[in-house]
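Step one of this worksheet: look at the structure below.
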Amino acid sequence: MSLSDFLTAFWPDIAGWLLLTEVLLTVGTLLAVMHIKREPMSAIAWSLTVLLVPFFGAFLFLVFGYQTVHRRLRRRRERSKAYKAFTARTGGPSAGVRPELEVLAKLGHHGDGFPVTGGNAVALYHEGNAAFEAMLQAIESAQHHVHSQFFICHSDDTGKRFINALRACAKRKVEVRFLVDWVGSYGLSSRLLRELEADGGRVASFLPLVNPLRVNLRNHRKILVVDGHTGFAGGLNIGDEYLSKCPTFGYWRDTHFRIAGPAVEGLQHTFLDDWHFTTNEAVKGGRYFPAPEKRAPGTVLAQVVASGPDAEYKAIRETYVAAILRARERVWIASPYFVPDAGFRDALVIAARSGVDVRLLGLCRPDKWLPFLAARYYWTDMLAAGVKVYQYTRGMLHSKLVLVDDEWASVGSANTDNRSLFLNFECNVQFFDAGVVKGLEEAYLADLEWSVRLDPDVYATRPLVGRLAENACRLFSPVL
C-alpha cells in the first residue's frame, strides 16, 4: 500500500487522534499556565499562544515558559542554617545602614539573602582589560583555592589565557573549581576543559540540556573568589569581545569590581551553592570562609543579593523597585536590555512624574535585535513620563547598574529585563557608600558624553514599520 493510499484509508482515524491529542495537550498546558504564571498579562499571552498555535504553542511554553527548578529540601535547610549563622556573626541584616536606606538592606536580606557587611574595600573597573588583568593577578596569587563561574567563556585567546591561569594554579596544588553555563558557554572547547581537569582542576556545566525544560533557566552570574578573601563580580564574561578585541562590537563598556572583606563570604556562598547544585559536592571548611581580619581592608558597606527561578522571592527585582520608589533626587540606570515588567515600569514612571531625575542608558547598536526592539517599545512610555533615554554610541554597552541618589548603588550581572529579574540566576552587590556611588556616577557621566539623548517628539515620528516590529517583539517580553 502506497503512502497516499494509506492516508486515504486511514486519514479520518489519524485526524481524530490528532484532534484528541491537541485538545488534551492544550487543556493540560493551559492548566499548567494558570498554575505557574501569576502575572495576568503573562498568563494571557501564553494562553493565547497555546490556543492559537496548535502543538507548537504548547512546545514553546514547555521550553520557554516553564520556570521552576526543584532542589532538595535537605539542602535548602542546610543553606538556611548557614545564612542564619552568617547573619548572627555580622550583627544583623542591615548593620550600619542609615535608617532611610534600611528597607533596601532588609529586602536584600529577605528569604535566603545575605546581610549588609561593613569593612569592605572596593575597586571599580569600567572596561574589560583592567578587570581581566586584575582577575589574572588574583588567580596567580592564590594559595588555597580559586572558585570561578561565568555565563560565557570562549575558546579564543582571552579564554585560553584565563583557563591557562587556572591550570597554573591547579599545577601548584591550589584547588580550582570552574563553573560555566552550558548554554552560554556552549562553544567552549572541551579540550581546554580536559586539560584543566588533567592538571587537577574541577570543571562543571550548569544545567546541561538533557531536559528541554531547562533551556530557559540559565546561570548568568559572573563570580570569581580567591582564597575566600578576594572576590570579583559584575557584568564581565571571558572572551575577546569583552576586552574590545572583536571588530563586530568595537569598544566594550562594562562595569566590574573587586571586593575584599566580609562581603566576599556572600559571593563564596553563592558560588558554592551553584557548585553543589551542579556537582552534588558540598564544599565546607574554615579555609573557604576565613575569619575576618583584625583590621578591616576598607570602610564600604556592601550586601550580596542573589536571585533565581528557584525562589519565589526575586530579591534583585524587589531591591531595584524599592530603591526607585524611595528615590528623591535621581535614578540612573545602565543596562543593555531594558524589557521590564509592569511593576518595574510603573516605579520608573512614578519616579519621573514626581520630579526625580530618571535616566536610562542603553544600546545604540544592538547585539540582539529582539530585546532591543522590545526595549524601544517601552522607551515610548518612559519618554512620555519624562524619563531621559540615552543610546550609547561608542560601542557595546554591557554595564549593568542602578544608582539612586548619592548613597546607594546596585552593580552586578542582572539587566533590567524579565530574563534577568525572573528567569536567570543572577548576582548583584548593593553598595551603601557615597564613595562607590561617586565613582559610578563619574563613569556614567563620561558614558553620556558618548551617547545620544532621544528627543520624544522626533522619536514619535519613527517609521511605522519599525513601530510594528517593536510592538511584535514586546509580545515576547515574558522571556526576554
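Labels used: A, B, ... for chains in the order of the C-alpha cells, numbers from 1 for residues in each chain, and numbers from 1 for ligands as shown.
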
**Report entry** Spatial neighbours of region 135-142 of chain A, max dist 8 Å, only C-alpha atoms, sep filter under 2 positions, as a VMD selection string
**Finding:** chain A and resid 131 to 133 144 to 146 162 165 to 166 168 to 169 174 224 226 to 227 230 232

Query - Non-local contacts of region 366-382 of chain A (10 Å; only C-alpha atoms; under 5 positions in same chain excluded) as a PyMOL selection string - result: chain A and resi 248-249+336-340+345-346+348-349+352+358-360+387-389+395-397+417+454+456+459-460+466-477+479-480

Report task. Do a neighbour search on region 235-244 of chain A at 9 Å with only C-alpha atoms, toss out local chain neighbours closer than 2 positions, and write the hits as a count of residues only. Result -> 41

Requested in this report: Could you tell me which of A:Pro463, A:Gly343, A:Gly308, A:Gly228 comes closest to Leu272 (chain A) if we count only C-alpha atoms?
Outcome: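 Among the listed residues, the smallest separation from Leu272 (chain A) belongs to A:Gly228.
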
Query raised in the report: Out of region 296-478 of chain A, which residues get strand (DSSP E or B) from DSSP, as a VMD selection string?
Result: chain A and resid 300 to 307 330 to 334 338 to 339 357 to 363 388 to 392 395 to 397 401 to 404 408 to 412 416 to 417 425 to 431 451 to 453

Take the selection from the previous step and output its residues with N, CA and C atoms, as a compact mmCIF listing (two decimals), in the first residue's frame.
```
# COMPACT_ATOMS: atom_id res chain seq x y z
N VAL A 300 33.61 50.23 53.22
CA VAL A 300 32.40 50.19 52.41
C VAL A 300 31.38 49.21 52.99
N LEU A 301 30.13 49.67 53.06
CA LEU A 301 29.01 48.78 53.41
C LEU A 301 28.50 48.13 52.13
N ALA A 302 28.50 46.81 52.10
CA ALA A 302 28.11 46.09 50.88
C ALA A 302 27.24 44.90 51.24
N GLN A 303 26.39 44.51 50.30
CA GLN A 303 25.48 43.39 50.51
C GLN A 303 25.32 42.61 49.21
N VAL A 304 25.64 41.33 49.26
CA VAL A 304 25.44 40.45 48.10
C VAL A 304 23.96 40.11 47.99
N VAL A 305 23.41 40.28 46.79
CA VAL A 305 22.00 39.98 46.55
C VAL A 305 21.92 39.03 45.35
N ALA A 306 21.51 37.81 45.61
CA ALA A 306 21.39 36.80 44.55
C ALA A 306 19.92 36.46 44.35
N SER A 307 19.56 36.13 43.13
CA SER A 307 18.18 35.71 42.86
C SER A 307 18.18 34.71 41.72
N ARG A 330 17.51 61.27 42.14
CA ARG A 330 17.85 60.70 40.84
C ARG A 330 17.76 59.18 40.86
N VAL A 331 17.50 58.63 39.67
CA VAL A 331 17.61 57.20 39.39
C VAL A 331 18.31 57.09 38.05
N TRP A 332 19.55 56.62 38.06
CA TRP A 332 20.32 56.45 36.83
C TRP A 332 20.53 54.96 36.59
N ILE A 333 20.13 54.50 35.41
CA ILE A 333 20.21 53.08 35.09
C ILE A 333 21.02 52.89 33.81
N ALA A 334 21.90 51.92 33.84
CA ALA A 334 22.60 51.48 32.64
C ALA A 334 22.32 50.00 32.46
N PHE A 338 16.54 46.44 28.25
CA PHE A 338 15.52 47.07 29.07
C PHE A 338 14.15 46.55 28.63
N VAL A 339 13.71 45.48 29.27
CA VAL A 339 12.40 44.90 28.99
C VAL A 339 11.75 44.58 30.34
N ASP A 357 15.11 62.76 38.76
CA ASP A 357 15.91 62.72 37.53
C ASP A 357 16.14 61.26 37.15
N VAL A 358 15.30 60.72 36.27
CA VAL A 358 15.38 59.32 35.85
C VAL A 358 16.03 59.26 34.48
N ARG A 359 17.11 58.48 34.40
CA ARG A 359 17.83 58.33 33.14
C ARG A 359 18.04 56.85 32.84
N LEU A 360 17.86 56.50 31.57
CA LEU A 360 18.12 55.15 31.08
C LEU A 360 19.21 55.23 30.02
N LEU A 361 20.27 54.46 30.21
CA LEU A 361 21.35 54.39 29.24
C LEU A 361 21.35 53.01 28.63
N GLY A 362 21.13 52.95 27.31
CA GLY A 362 21.04 51.66 26.63
C GLY A 362 21.86 51.63 25.37
N LEU A 363 21.56 50.65 24.55
CA LEU A 363 22.34 50.39 23.35
C LEU A 363 21.94 51.30 22.19
N LYS A 388 14.66 60.41 30.82
CA LYS A 388 15.67 60.75 29.81
C LYS A 388 16.31 59.46 29.31
N VAL A 389 16.17 59.18 28.03
CA VAL A 389 16.67 57.94 27.44
C VAL A 389 17.87 58.26 26.54
N TYR A 390 18.96 57.55 26.78
CA TYR A 390 20.20 57.76 26.03
C TYR A 390 20.62 56.46 25.33
N GLN A 391 21.23 56.61 24.16
CA GLN A 391 21.79 55.48 23.44
C GLN A 391 23.30 55.65 23.33
N TYR A 392 24.03 54.62 23.76
CA TYR A 392 25.49 54.66 23.82
C TYR A 392 26.05 54.38 22.43
N GLY A 395 30.31 52.04 21.35
CA GLY A 395 30.47 50.61 21.10
C GLY A 395 29.36 49.84 21.79
N MET A 396 29.74 48.74 22.41
CA MET A 396 28.78 47.89 23.09
C MET A 396 28.69 48.26 24.57
N LEU A 397 27.52 48.69 25.02
CA LEU A 397 27.29 48.96 26.43
C LEU A 397 26.77 47.69 27.09
N LEU A 401 23.92 48.54 36.01
CA LEU A 401 23.95 49.21 37.31
C LEU A 401 22.73 50.10 37.48
N VAL A 402 22.39 50.32 38.75
CA VAL A 402 21.32 51.24 39.13
C VAL A 402 21.87 52.15 40.23
N LEU A 403 21.82 53.46 40.01
CA LEU A 403 22.24 54.45 41.00
C LEU A 403 21.02 55.21 41.50
N VAL A 404 20.89 55.32 42.81
CA VAL A 404 19.78 56.07 43.39
C VAL A 404 20.35 57.10 44.37
N TRP A 408 23.46 55.01 47.30
CA TRP A 408 23.09 53.61 47.04
C TRP A 408 23.31 53.27 45.58
N ALA A 409 23.85 52.08 45.36
CA ALA A 409 24.03 51.58 44.00
C ALA A 409 23.96 50.06 44.02
N SER A 410 23.49 49.51 42.93
CA SER A 410 23.47 48.06 42.74
C SER A 410 24.18 47.75 41.44
N VAL A 411 25.19 46.88 41.53
CA VAL A 411 26.02 46.53 40.36
C VAL A 411 26.16 45.02 40.31
N GLY A 412 26.11 44.46 39.11
CA GLY A 412 26.28 43.02 39.03
C GLY A 412 25.97 42.47 37.66
N THR A 416 17.93 44.94 33.32
CA THR A 416 16.57 45.37 33.69
C THR A 416 15.57 44.77 32.70
N ASP A 417 15.58 43.44 32.64
CA ASP A 417 14.63 42.73 31.78
C ASP A 417 14.05 41.55 32.54
N PHE A 425 19.60 32.93 36.94
CA PHE A 425 20.30 33.01 38.22
C PHE A 425 21.27 34.19 38.12
N GLU A 426 21.08 35.19 38.97
CA GLU A 426 21.85 36.42 38.89
C GLU A 426 22.50 36.72 40.24
N CYS A 427 23.50 37.61 40.22
CA CYS A 427 24.16 38.03 41.45
C CYS A 427 24.57 39.49 41.33
N ASN A 428 24.05 40.32 42.20
CA ASN A 428 24.42 41.73 42.30
C ASN A 428 25.02 42.00 43.68
N VAL A 429 25.67 43.13 43.80
CA VAL A 429 26.08 43.64 45.11
C VAL A 429 25.54 45.05 45.22
N GLN A 430 24.83 45.34 46.30
CA GLN A 430 24.37 46.71 46.52
C GLN A 430 25.29 47.37 47.54
N PHE A 431 25.66 48.60 47.20
CA PHE A 431 26.62 49.37 47.99
C PHE A 431 25.90 50.53 48.67
N SER A 451 26.99 59.40 24.23
CA SER A 451 25.62 58.94 24.00
C SER A 451 24.77 60.02 23.34
N VAL A 452 23.69 59.58 22.74
CA VAL A 452 22.71 60.46 22.11
C VAL A 452 21.42 60.36 22.90
N ARG A 453 20.92 61.54 23.33
CA ARG A 453 19.65 61.54 24.06
C ARG A 453 18.49 61.58 23.07
```

Please extract the residues of region 258-478 of chain A with a backbone DSSP assignment of helix (DSSP H, G or I) and present them as a compact mmCIF listing (two decimals) with N, CA and C atoms, in the first residue's frame.
```txt
# COMPACT_ATOMS: atom_id res chain seq x y z
N VAL A 264 32.73 39.16 50.73
CA VAL A 264 33.18 38.07 49.86
C VAL A 264 32.53 36.76 50.27
N GLU A 265 32.19 36.64 51.55
CA GLU A 265 31.54 35.42 52.00
C GLU A 265 30.22 35.18 51.29
N GLY A 266 29.50 36.25 50.97
CA GLY A 266 28.27 36.11 50.21
C GLY A 266 28.51 35.59 48.81
N LEU A 267 29.57 36.10 48.14
CA LEU A 267 29.92 35.59 46.82
C LEU A 267 30.33 34.13 46.90
N GLN A 268 31.09 33.78 47.95
CA GLN A 268 31.53 32.40 48.13
C GLN A 268 30.34 31.46 48.32
N HIS A 269 29.40 31.86 49.18
CA HIS A 269 28.21 31.04 49.40
C HIS A 269 27.44 30.85 48.09
N THR A 270 27.30 31.93 47.31
CA THR A 270 26.55 31.86 46.06
C THR A 270 27.21 30.89 45.10
N PHE A 271 28.52 30.99 44.95
CA PHE A 271 29.23 30.06 44.08
C PHE A 271 29.08 28.62 44.56
N LEU A 272 29.32 28.39 45.84
CA LEU A 272 29.30 27.02 46.36
C LEU A 272 27.90 26.43 46.31
N ASP A 273 26.89 27.27 46.43
CA ASP A 273 25.52 26.79 46.28
C ASP A 273 25.29 26.29 44.85
N ASP A 274 25.74 27.08 43.86
CA ASP A 274 25.62 26.65 42.46
C ASP A 274 26.46 25.41 42.18
N TRP A 275 27.64 25.37 42.79
CA TRP A 275 28.53 24.23 42.58
C TRP A 275 27.91 22.95 43.16
N HIS A 276 27.34 23.07 44.35
CA HIS A 276 26.69 21.92 44.98
C HIS A 276 25.51 21.45 44.14
N PHE A 277 24.71 22.38 43.65
CA PHE A 277 23.57 22.04 42.82
C PHE A 277 24.00 21.32 41.55
N THR A 278 25.13 21.75 40.98
CA THR A 278 25.59 21.18 39.71
C THR A 278 26.31 19.86 39.89
N THR A 279 27.14 19.75 40.92
CA THR A 279 28.02 18.58 41.07
C THR A 279 27.66 17.69 42.25
N ALA A 315 14.82 38.78 44.78
CA ALA A 315 15.47 39.80 45.61
C ALA A 315 15.99 40.97 44.80
N ILE A 316 16.61 40.70 43.66
CA ILE A 316 17.19 41.80 42.88
C ILE A 316 16.09 42.71 42.36
N ARG A 317 15.03 42.13 41.84
CA ARG A 317 13.93 42.96 41.35
C ARG A 317 13.33 43.80 42.47
N GLU A 318 13.13 43.18 43.64
CA GLU A 318 12.50 43.91 44.74
C GLU A 318 13.36 45.08 45.20
N THR A 319 14.67 44.87 45.27
CA THR A 319 15.54 45.98 45.68
C THR A 319 15.57 47.07 44.62
N TYR A 320 15.56 46.70 43.34
CA TYR A 320 15.50 47.69 42.27
C TYR A 320 14.25 48.57 42.43
N VAL A 321 13.09 47.92 42.50
CA VAL A 321 11.82 48.66 42.54
C VAL A 321 11.73 49.53 43.80
N ALA A 322 12.10 48.96 44.94
CA ALA A 322 12.04 49.73 46.19
C ALA A 322 12.98 50.93 46.16
N ALA A 323 14.17 50.74 45.60
CA ALA A 323 15.12 51.85 45.52
C ALA A 323 14.60 52.96 44.62
N ILE A 324 13.98 52.59 43.50
CA ILE A 324 13.42 53.59 42.59
C ILE A 324 12.30 54.37 43.27
N LEU A 325 11.43 53.67 43.99
CA LEU A 325 10.28 54.33 44.62
C LEU A 325 10.68 55.24 45.77
N ARG A 326 11.83 54.97 46.41
CA ARG A 326 12.26 55.81 47.53
C ARG A 326 13.21 56.93 47.07
N ALA A 342 5.56 45.10 34.40
CA ALA A 342 4.67 46.25 34.62
C ALA A 342 5.01 46.99 35.91
N GLY A 343 5.31 46.27 36.97
CA GLY A 343 5.62 46.92 38.24
C GLY A 343 6.88 47.76 38.16
N PHE A 344 7.89 47.24 37.49
CA PHE A 344 9.15 47.97 37.31
C PHE A 344 8.91 49.24 36.49
N ARG A 345 8.13 49.11 35.42
CA ARG A 345 7.83 50.27 34.57
C ARG A 345 7.05 51.32 35.37
N ASP A 346 6.08 50.88 36.15
CA ASP A 346 5.30 51.83 36.95
C ASP A 346 6.18 52.59 37.94
N ALA A 347 7.14 51.89 38.55
CA ALA A 347 8.03 52.55 39.50
C ALA A 347 8.82 53.66 38.82
N LEU A 348 9.33 53.39 37.63
CA LEU A 348 10.10 54.41 36.90
C LEU A 348 9.21 55.59 36.50
N VAL A 349 8.01 55.28 36.03
CA VAL A 349 7.09 56.34 35.62
C VAL A 349 6.71 57.23 36.81
N ILE A 350 6.41 56.60 37.94
CA ILE A 350 6.04 57.36 39.15
C ILE A 350 7.21 58.24 39.58
N ALA A 351 8.42 57.69 39.57
CA ALA A 351 9.58 58.48 39.97
C ALA A 351 9.77 59.67 39.06
N ALA A 352 9.68 59.45 37.74
CA ALA A 352 9.89 60.55 36.79
C ALA A 352 8.82 61.62 36.95
N ARG A 353 7.58 61.22 37.11
CA ARG A 353 6.49 62.19 37.24
C ARG A 353 6.54 62.92 38.58
N TRP A 369 18.62 41.68 18.41
CA TRP A 369 17.58 42.57 17.90
C TRP A 369 16.25 42.41 18.61
N LEU A 370 15.90 41.21 19.03
CA LEU A 370 14.59 41.00 19.64
C LEU A 370 14.42 41.81 20.93
N PRO A 371 15.32 41.70 21.91
CA PRO A 371 15.15 42.54 23.11
C PRO A 371 15.35 44.02 22.84
N PHE A 372 16.19 44.36 21.85
CA PHE A 372 16.40 45.77 21.53
C PHE A 372 15.12 46.41 21.00
N LEU A 373 14.42 45.72 20.10
CA LEU A 373 13.18 46.27 19.56
C LEU A 373 12.10 46.30 20.63
N ALA A 374 12.07 45.30 21.50
CA ALA A 374 11.10 45.32 22.60
C ALA A 374 11.38 46.51 23.53
N ALA A 375 12.66 46.79 23.78
CA ALA A 375 13.02 47.93 24.62
C ALA A 375 12.55 49.24 24.00
N ARG A 376 12.69 49.37 22.70
CA ARG A 376 12.26 50.59 22.02
C ARG A 376 10.76 50.82 22.20
N TYR A 377 9.98 49.75 22.26
CA TYR A 377 8.54 49.90 22.52
C TYR A 377 8.32 50.54 23.89
N TYR A 378 9.06 50.07 24.89
CA TYR A 378 8.87 50.59 26.25
C TYR A 378 9.50 51.96 26.43
N TRP A 379 10.45 52.33 25.59
CA TRP A 379 11.01 53.67 25.65
C TRP A 379 9.92 54.73 25.44
N THR A 380 8.91 54.40 24.65
CA THR A 380 7.84 55.36 24.38
C THR A 380 7.16 55.81 25.67
N ASP A 381 6.82 54.82 26.52
CA ASP A 381 6.18 55.16 27.81
C ASP A 381 7.13 55.93 28.72
N MET A 382 8.40 55.55 28.68
CA MET A 382 9.37 56.23 29.53
C MET A 382 9.52 57.70 29.11
N LEU A 383 9.63 57.95 27.83
CA LEU A 383 9.78 59.32 27.34
C LEU A 383 8.55 60.16 27.66
N ALA A 384 7.38 59.54 27.55
CA ALA A 384 6.15 60.28 27.84
C ALA A 384 6.07 60.69 29.31
N ALA A 385 6.70 59.90 30.19
CA ALA A 385 6.68 60.21 31.63
C ALA A 385 7.77 61.19 32.04
N ASN A 418 12.99 40.99 32.00
CA ASN A 418 12.33 39.86 32.65
C ASN A 418 13.24 38.65 32.77
N ARG A 419 14.12 38.47 31.79
CA ARG A 419 15.00 37.31 31.85
C ARG A 419 15.91 37.38 33.07
N SER A 420 16.51 38.54 33.32
CA SER A 420 17.38 38.68 34.48
C SER A 420 16.60 38.67 35.79
N LEU A 421 15.44 39.33 35.80
CA LEU A 421 14.73 39.53 37.05
C LEU A 421 13.86 38.35 37.45
N PHE A 422 13.55 37.45 36.50
CA PHE A 422 12.67 36.33 36.83
C PHE A 422 13.23 34.96 36.41
N LEU A 423 13.98 34.89 35.32
CA LEU A 423 14.34 33.60 34.75
C LEU A 423 15.76 33.15 35.04
N ALA A 434 28.81 56.41 49.72
CA ALA A 434 28.86 57.58 48.85
C ALA A 434 30.07 57.55 47.93
N GLY A 435 31.19 57.01 48.40
CA GLY A 435 32.39 56.97 47.58
C GLY A 435 32.23 56.07 46.37
N VAL A 436 31.67 54.88 46.57
CA VAL A 436 31.43 53.96 45.45
C VAL A 436 30.44 54.58 44.48
N VAL A 437 29.37 55.17 45.01
CA VAL A 437 28.37 55.80 44.14
C VAL A 437 28.99 56.93 43.34
N LYS A 438 29.90 57.70 43.96
CA LYS A 438 30.56 58.79 43.24
C LYS A 438 31.40 58.27 42.08
N GLY A 439 32.11 57.16 42.30
CA GLY A 439 32.91 56.58 41.22
C GLY A 439 32.04 56.10 40.07
N LEU A 440 30.90 55.49 40.38
CA LEU A 440 29.98 55.03 39.34
C LEU A 440 29.32 56.20 38.63
N GLU A 441 29.04 57.26 39.38
CA GLU A 441 28.44 58.47 38.80
C GLU A 441 29.39 59.10 37.78
N GLU A 442 30.65 59.21 38.11
CA GLU A 442 31.61 59.81 37.19
C GLU A 442 31.72 59.02 35.90
N ALA A 443 31.73 57.70 36.03
CA ALA A 443 31.80 56.86 34.82
C ALA A 443 30.52 56.99 34.00
N TYR A 444 29.39 57.10 34.67
CA TYR A 444 28.10 57.23 33.98
C TYR A 444 28.06 58.54 33.19
N LEU A 445 28.50 59.62 33.81
CA LEU A 445 28.52 60.91 33.12
C LEU A 445 29.47 60.88 31.92
N ALA A 446 30.59 60.15 32.07
CA ALA A 446 31.50 60.00 30.94
C ALA A 446 30.83 59.22 29.81
N ASP A 447 30.02 58.21 30.16
CA ASP A 447 29.29 57.45 29.15
C ASP A 447 28.29 58.33 28.40
N LEU A 448 27.67 59.25 29.12
CA LEU A 448 26.70 60.13 28.47
C LEU A 448 27.36 61.03 27.43
N GLU A 449 28.66 61.31 27.60
CA GLU A 449 29.38 62.10 26.60
C GLU A 449 29.46 61.35 25.27
N PRO A 456 11.78 63.13 22.49
CA PRO A 456 10.46 62.48 22.43
C PRO A 456 9.67 62.82 21.17
N ASP A 457 9.74 64.08 20.72
CA ASP A 457 8.98 64.47 19.53
C ASP A 457 9.53 63.80 18.27
N VAL A 458 10.85 63.73 18.16
CA VAL A 458 11.46 63.07 17.00
C VAL A 458 11.21 61.56 17.06
N TYR A 459 11.32 61.00 18.25
CA TYR A 459 11.14 59.55 18.41
C TYR A 459 9.72 59.14 18.01
N LEU A 464 6.59 53.66 10.58
CA LEU A 464 5.54 52.74 11.02
C LEU A 464 6.04 51.30 11.05
N VAL A 465 6.86 50.93 10.09
CA VAL A 465 7.37 49.56 10.04
C VAL A 465 8.15 49.24 11.31
N GLY A 466 8.98 50.20 11.75
CA GLY A 466 9.74 49.98 12.96
C GLY A 466 8.85 49.85 14.18
N ARG A 467 7.81 50.68 14.24
CA ARG A 467 6.90 50.61 15.38
C ARG A 467 6.14 49.28 15.41
N LEU A 468 5.77 48.78 14.23
CA LEU A 468 5.10 47.48 14.18
C LEU A 468 6.03 46.36 14.65
N ALA A 469 7.31 46.45 14.25
CA ALA A 469 8.28 45.45 14.69
C ALA A 469 8.46 45.50 16.20
N GLU A 470 8.53 46.72 16.76
CA GLU A 470 8.67 46.87 18.21
C GLU A 470 7.46 46.29 18.94
N ASN A 471 6.27 46.54 18.40
CA ASN A 471 5.06 46.03 19.02
C ASN A 471 5.02 44.51 18.99
N ALA A 472 5.49 43.94 17.90
CA ALA A 472 5.52 42.48 17.80
C ALA A 472 6.54 41.88 18.76
N CYS A 473 7.71 42.51 18.86
CA CYS A 473 8.76 41.97 19.72
C CYS A 473 8.41 42.06 21.20
N ARG A 474 7.65 43.08 21.58
CA ARG A 474 7.33 43.22 23.01
C ARG A 474 6.38 42.12 23.46
N LEU A 475 5.73 41.41 22.52
CA LEU A 475 4.88 40.28 22.90
C LEU A 475 5.71 39.15 23.52
N PHE A 476 7.02 39.14 23.23
CA PHE A 476 7.90 38.13 23.79
C PHE A 476 8.53 38.59 25.11
N SER A 477 8.06 39.72 25.66
CA SER A 477 8.64 40.27 26.87
C SER A 477 8.79 39.28 28.02
N PRO A 478 7.84 38.37 28.26
CA PRO A 478 7.99 37.46 29.39
C PRO A 478 9.25 36.60 29.36
```

Requested in this report: Give me, please, the distance in Å between CA of Asp406 (chain A) and CA of Ala327 (chain A), quoted to one decimal.
Outcome: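 Between these atoms lies a distance of 9.8 Å.
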
Query raised in the report: Which one is closest to Val176 (chain A): A:Leu124, A:Val103, A:Leu25, A:Arg202? Count only C-alpha atoms.
Result: A:Arg202

Report task. Quick one: pull the distance between CA of Asp199 (chain A) and CA of Lys171 (chain A), Å, one decimal. Result -> 5.6 Å

Name the residues in contact with His110 (chain A) at a cut-off of 9 Å, using only C-alpha atoms, excluding same-chain residues fewer than 4 positions from it; report them as a tab-separated table (two decimals) with N, CA and C atoms, in the first residue's frame.
```tsv
chain	number	residue	atom	x	y	z
A	93	PRO	N	20.89	42.07	59.67
A	93	PRO	CA	20.76	42.22	58.22
A	93	PRO	C	21.11	43.59	57.67
A	105	ALA	N	18.26	47.23	52.58
A	105	ALA	CA	19.06	46.17	53.18
A	105	ALA	C	18.18	45.00	53.59
A	106	LYS	N	17.00	45.29	54.15
A	106	LYS	CA	16.11	44.23	54.58
A	106	LYS	C	15.57	43.44	53.39
A	114	PHE	N	21.69	37.63	52.10
A	114	PHE	CA	22.84	37.91	52.95
A	114	PHE	C	22.68	39.27	53.62
A	115	PRO	N	23.28	39.47	54.77
A	115	PRO	CA	23.19	40.76	55.44
A	115	PRO	C	24.17	41.77	54.86
A	313	TYR	N	10.73	34.53	45.86
A	313	TYR	CA	11.11	35.92	46.13
A	313	TYR	C	12.24	36.33	45.21
A	315	ALA	N	14.82	38.78	44.78
A	315	ALA	CA	15.47	39.80	45.61
A	315	ALA	C	15.99	40.97	44.80
```
